[in-house]
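Structure data follow from entry.cif (mmCIF, C-alpha atoms):
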```cif
data_input
#
loop_
_atom_site.label_atom_id
_atom_site.label_comp_id
_atom_site.auth_asym_id
_atom_site.auth_seq_id
_atom_site.Cartn_x
_atom_site.Cartn_y
_atom_site.Cartn_z
CA MET N 27 -16.80 -12.28 -9.73
CA GLN N 28 -15.28 -15.72 -10.34
CA ASP N 29 -11.89 -14.01 -10.75
CA ALA N 30 -12.16 -12.34 -7.31
CA ALA N 31 -13.13 -15.65 -5.68
CA GLU N 32 -10.18 -17.34 -7.37
CA THR N 33 -7.82 -14.63 -6.10
CA GLU N 34 -9.21 -15.02 -2.57
CA GLN N 35 -8.61 -18.78 -2.72
CA LEU N 36 -5.06 -18.30 -4.02
CA ALA N 37 -4.37 -15.82 -1.21
CA LEU N 38 -5.65 -18.22 1.45
CA ARG N 39 -3.60 -21.08 0.01
CA ALA N 40 -0.50 -18.85 -0.19
CA ALA N 41 -1.06 -17.68 3.40
CA ALA N 42 -1.13 -21.33 4.44
CA GLY N 43 2.32 -21.83 2.88
CA ASP N 44 1.52 -23.02 -0.66
CA GLY N 45 4.44 -21.65 -2.71
CA ALA N 46 2.87 -22.47 -6.06
CA ALA N 47 -0.29 -20.57 -5.10
CA LEU N 48 1.87 -17.59 -4.08
CA ASP N 49 3.61 -17.57 -7.47
CA VAL N 50 0.29 -17.63 -9.32
CA LEU N 51 -1.15 -14.98 -6.98
CA LEU N 52 1.79 -12.60 -7.51
CA HIS N 53 1.53 -12.99 -11.29
CA LYS N 54 -2.22 -12.46 -11.19
CA ILE N 55 -2.22 -9.31 -9.03
CA ARG N 56 0.75 -7.56 -10.67
CA PRO N 57 -1.27 -5.51 -13.24
CA GLU N 58 -3.71 -4.32 -10.56
CA VAL N 59 -0.86 -3.49 -8.17
CA LEU N 60 0.88 -1.44 -10.85
CA ARG N 61 -2.35 0.39 -11.67
CA ARG N 62 -2.97 1.16 -7.99
CA CYS N 63 0.62 2.37 -7.48
CA GLY N 64 0.16 4.59 -10.52
CA ARG N 65 -2.65 6.37 -8.69
CA PHE N 66 -0.14 7.51 -6.10
CA LEU N 67 3.01 8.09 -8.12
CA PRO N 68 2.96 10.19 -11.30
CA CYS N 69 6.12 8.75 -12.86
CA ARG N 70 5.66 5.28 -14.36
CA GLU N 71 9.14 4.15 -13.28
CA ASP N 72 8.39 5.14 -9.68
CA ALA N 73 5.05 3.34 -9.82
CA GLU N 74 6.80 0.24 -11.17
CA GLU N 75 9.36 0.36 -8.35
CA ALA N 76 6.58 0.72 -5.79
CA ALA N 77 4.71 -2.18 -7.43
CA GLN N 78 7.81 -4.36 -7.08
CA ASP N 79 8.00 -3.35 -3.40
CA VAL N 80 4.34 -4.32 -3.00
CA LEU N 81 4.85 -7.73 -4.59
CA LEU N 82 7.88 -8.32 -2.38
CA GLN N 83 5.90 -7.34 0.72
CA VAL N 84 3.04 -9.61 -0.31
CA ALA N 85 5.47 -12.50 -0.73
CA ARG N 86 7.08 -11.80 2.64
CA LYS N 87 3.93 -11.07 4.63
CA ILE N 88 1.27 -13.27 3.02
CA THR N 89 1.30 -15.49 6.10
CA THR N 90 -0.15 -12.55 8.08
CA PHE N 91 -3.24 -12.57 5.85
CA GLU N 92 -5.81 -14.39 7.94
CA GLY N 93 -8.81 -14.14 5.64
CA ARG N 94 -10.89 -12.10 8.10
CA SER N 95 -11.27 -9.39 5.45
CA ARG N 96 -11.04 -9.70 1.70
CA PHE N 97 -7.59 -10.16 0.24
CA SER N 98 -8.12 -7.10 -1.97
CA THR N 99 -8.60 -4.98 1.15
CA TRP N 100 -5.41 -6.38 2.68
CA LEU N 101 -3.58 -5.82 -0.61
CA TYR N 102 -4.73 -2.18 -0.89
CA THR N 103 -3.21 -1.53 2.53
CA VAL N 104 0.12 -2.88 1.32
CA VAL N 105 -0.16 -0.85 -1.91
CA ALA N 106 -0.97 2.38 -0.06
CA ASN N 107 1.87 1.90 2.41
CA CYS N 108 4.48 0.99 -0.22
CA ALA N 109 3.50 3.78 -2.61
CA ARG N 110 3.57 6.38 0.14
CA GLN N 111 6.90 5.02 1.37
CA LYS N 112 8.33 5.23 -2.16
CA TYR N 113 7.15 8.83 -2.39
CA ARG N 114 8.86 9.68 0.92
CA GLU N 115 12.04 7.99 -0.28
CA LEU N 116 12.02 9.92 -3.56
CA LYS N 117 11.34 13.17 -1.76
CA ARG N 118 14.18 12.53 0.72
CA ARG N 119 16.56 11.55 -2.09
CA ALA N 120 15.71 14.69 -4.05
CA ALA N 121 16.35 16.85 -0.98
CA GLU N 122 19.68 15.16 -0.28
CA GLN N 123 20.98 15.28 -3.86
CA PRO N 124 19.54 18.18 -5.80
CA ALA N 125 19.93 17.30 -9.45
CA GLU N 126 21.51 19.67 -11.91
CA ILE N 127 19.08 20.92 -14.48
CA ASP N 128 19.93 19.58 -17.90
CA ALA N 129 18.43 21.82 -20.60
CA SER N 130 17.88 18.80 -22.87
CA GLN N 131 15.81 17.14 -20.13
CA HIS N 132 13.74 20.26 -19.39
CA VAL N 133 10.02 19.54 -19.48
CA ASP N 134 7.77 22.00 -21.22
CA PRO N 135 4.93 22.72 -18.76
CA ARG N 136 2.49 23.07 -21.68
CA THR N 137 2.97 19.38 -22.50
CA THR N 138 3.18 18.07 -18.94
CA SER N 139 0.23 16.13 -17.60
CA VAL N 140 -1.98 18.07 -15.21
CA ILE N 141 -2.83 14.72 -13.63
CA ALA N 142 0.80 14.08 -12.72
CA GLY N 143 1.06 17.45 -11.01
CA SER N 144 -2.15 16.90 -9.12
CA ARG N 145 -0.91 13.51 -7.89
CA VAL N 146 2.23 15.11 -6.49
CA ASP N 147 0.07 17.77 -4.86
CA LEU N 148 -2.09 15.02 -3.36
CA LEU N 149 0.96 13.20 -2.00
CA GLU N 150 2.16 16.47 -0.44
CA ALA N 151 -1.30 16.99 1.04
CA LEU N 152 -1.28 13.45 2.45
CA GLU N 153 2.11 14.09 4.04
CA ARG N 154 0.79 17.27 5.65
CA LEU N 155 -2.42 15.53 6.77
CA GLU N 156 -0.34 12.77 8.33
CA ARG N 157 1.63 15.34 10.32
CA GLU N 158 -1.40 17.31 11.45
CA HIS N 159 -4.20 14.71 11.66
CA PRO N 160 -2.75 11.19 11.31
CA HIS N 161 -6.07 9.47 12.12
CA LEU N 162 -7.61 11.00 8.99
CA VAL N 163 -5.10 9.62 6.48
CA ALA N 164 -6.23 5.98 6.25
CA PRO N 165 -9.91 6.76 5.60
CA LEU N 166 -8.97 9.21 2.83
CA VAL N 167 -6.43 6.89 1.19
CA TYR N 168 -8.63 3.79 1.30
CA ARG N 169 -11.81 5.50 0.10
CA ASP N 170 -10.66 8.17 -2.34
CA ILE N 171 -7.47 6.67 -3.75
CA CYS N 172 -7.88 2.91 -3.35
CA GLN N 173 -11.62 3.32 -3.98
CA LEU N 174 -12.72 0.76 -1.42
CA ASP N 175 -16.37 0.90 -0.45
CA TYR N 176 -17.31 2.49 2.87
CA ALA N 177 -17.92 -0.80 4.68
CA GLU N 178 -14.51 -2.18 3.63
CA VAL N 179 -12.76 1.00 4.75
CA ALA N 180 -14.55 0.97 8.12
CA GLU N 181 -13.59 -2.68 8.60
CA ARG N 182 -9.99 -2.07 7.57
CA VAL N 183 -9.56 0.99 9.79
CA GLY N 184 -11.47 -0.70 12.64
CA ILE N 185 -14.04 2.02 13.26
CA PRO N 186 -17.84 2.22 12.96
CA LEU N 187 -19.27 3.34 9.62
CA GLY N 188 -20.55 6.64 11.03
CA THR N 189 -17.13 7.47 12.47
CA LEU N 190 -15.52 6.62 9.14
CA LYS N 191 -17.84 8.96 7.25
CA SER N 192 -17.16 11.73 9.75
CA ARG N 193 -13.37 11.25 9.48
CA LEU N 194 -13.56 11.10 5.70
CA HIS N 195 -15.55 14.34 5.61
CA GLU N 196 -13.00 16.01 7.90
CA ALA N 197 -10.05 14.68 5.88
CA ARG N 198 -11.52 16.02 2.64
CA LYS N 199 -12.22 19.36 4.31
CA GLN N 200 -8.59 19.55 5.51
CA VAL N 201 -7.03 18.51 2.19
CA ARG N 202 -9.20 20.54 -0.19
CA PRO N 203 -7.59 23.97 0.48
CA TRP N 204 -4.10 22.49 0.26
CA LEU N 205 -4.86 21.12 -3.18
CA VAL N 206 -6.44 24.39 -4.32
CA ASP N 207 -3.42 26.37 -3.03
CA ALA N 208 -1.05 24.04 -4.88
CA SER N 209 -2.70 24.52 -8.25
#
```
For this file, write the structure as structure tokens.
Amino acid sequence: MQDAAETEQLALRAAAGDGAALDVLLHKIRPEVLRRCGRFLPCREDAEEAAQDVLLQVARKITTFEGRSRFSTWLYTVVANCARQKYRELKRRAAEQPAEIDASQHVDPRTTSVIAGSRVDLLEALERLEREHPHLVAPLVYRDICQLDYAEVAERVGIPLGTLKSRLHEARKQVRPWLVDAS
């Protein structure tokens, strides 16, 4: 718990313009940011790129952190947004420039991680949910992917706890068949 309090203090100092605190903060949160990005993006290189984007955004936008919520909650928002943006960018790039299939680079599906496939399916489901029910995306991402507790999610989204639980239930109900169909 001391570590979390230290991170909160570093974030507040960095938000107030302390450059040294920002440097220490960025170094300290990097492993957690990479781990969180890895929950969204199945390829380690993509997760690392998204993590770099997150750290850059934190450095640029730390002055917007006001300390009204925990820094970790603010950070998870940045992580979720950057990882989802990286996924959209990769998807767009793949559609614009279909790669030639190189037989030497062919992946044997028997040795491919089921987890990686399910993450891509989840990202596709989140994209669809965003198109069809955009108000349901944030509760699902913050609770089920970022694993924030219910009170933190309700605070972050700015809705009462009961409304959050209702939206989360609806989001899960919407996404579940899409994930089953994809597998």
Can you list, as a ChimeraX atom specification, the residues that the PyMOL selection byres ((chain N and resi 155-171) around 7) selects here?
/N:65,151-154,172-176,179,183,190,193-194,197
Limited to C-alpha atoms, could you put the picked residues into a file as a PDB file, in the coordinates of the input?
```
ATOM      1  CA  ARG N  65      -2.650   6.370  -8.690  1.00  0.00           C
ATOM      2  CA  ALA N 151      -1.300  16.990   1.040  1.00  0.00           C
ATOM      3  CA  LEU N 152      -1.280  13.450   2.450  1.00  0.00           C
ATOM      4  CA  GLU N 153       2.110  14.090   4.040  1.00  0.00           C
ATOM      5  CA  ARG N 154       0.790  17.270   5.650  1.00  0.00           C
ATOM      6  CA  CYS N 172      -7.880   2.910  -3.350  1.00  0.00           C
ATOM      7  CA  GLN N 173     -11.620   3.320  -3.980  1.00  0.00           C
ATOM      8  CA  LEU N 174     -12.720   0.760  -1.420  1.00  0.00           C
ATOM      9  CA  ASP N 175     -16.370   0.900  -0.450  1.00  0.00           C
ATOM     10  CA  TYR N 176     -17.310   2.490   2.870  1.00  0.00           C
ATOM     11  CA  VAL N 179     -12.760   1.000   4.750  1.00  0.00           C
ATOM     12  CA  VAL N 183      -9.560   0.990   9.790  1.00  0.00           C
ATOM     13  CA  LEU N 190     -15.520   6.620   9.140  1.00  0.00           C
ATOM     14  CA  ARG N 193     -13.370  11.250   9.480  1.00  0.00           C
ATOM     15  CA  LEU N 194     -13.560  11.100   5.700  1.00  0.00           C
ATOM     16  CA  ALA N 197     -10.050  14.680   5.880  1.00  0.00           C
TER      17      ALA N 197
END
```
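Distances to Asp72 of chain N were evaluated for N:Leu60, N:Ala120, N:Ala37, N:Leu187 using all atoms listed in the file, and the minimum falls at N:Leu60.
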When the PyMOL selection byres ((chain N and resi 79) around 10) is applied to the file above, which residues end up in the set, as a CSV table (one decimal) with C-alpha atoms, keeping the file's coordinate frame?
```
chain,number,residue,atom,x,y,z
N,73,ALA,CA,5.0,3.3,-9.8
N,74,GLU,CA,6.8,0.2,-11.2
N,75,GLU,CA,9.4,0.4,-8.4
N,76,ALA,CA,6.6,0.7,-5.8
N,77,ALA,CA,4.7,-2.2,-7.4
N,78,GLN,CA,7.8,-4.4,-7.1
N,80,VAL,CA,4.3,-4.3,-3.0
N,81,LEU,CA,4.8,-7.7,-4.6
N,82,LEU,CA,7.9,-8.3,-2.4
N,83,GLN,CA,5.9,-7.3,0.7
N,84,VAL,CA,3.0,-9.6,-0.3
N,85,ALA,CA,5.5,-12.5,-0.7
N,104,VAL,CA,0.1,-2.9,1.3
N,105,VAL,CA,-0.2,-0.8,-1.9
N,107,ASN,CA,1.9,1.9,2.4
N,108,CYS,CA,4.5,1.0,-0.2
N,109,ALA,CA,3.5,3.8,-2.6
N,111,GLN,CA,6.9,5.0,1.4
N,112,LYS,CA,8.3,5.2,-2.2
```
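Separating atom CA of Leu116 of chain N from atom CA of Asp49 of chain N is a distance of 29.0 Å.
In this model, the gap between atom CA of His195 of chain N and atom CA of Glu181 of chain N comes to 17.4 Å.
Put simply, the PyMOL selection byres ((chain N and resi 94) around 12) in this file takes in Glu34, Ala37, Leu38, Thr90, Phe91, Glu92, Gly93, Ser95, Arg96, Phe97, Ser98, Thr99, Trp100, Glu178, Glu181 and Arg182 of chain N.
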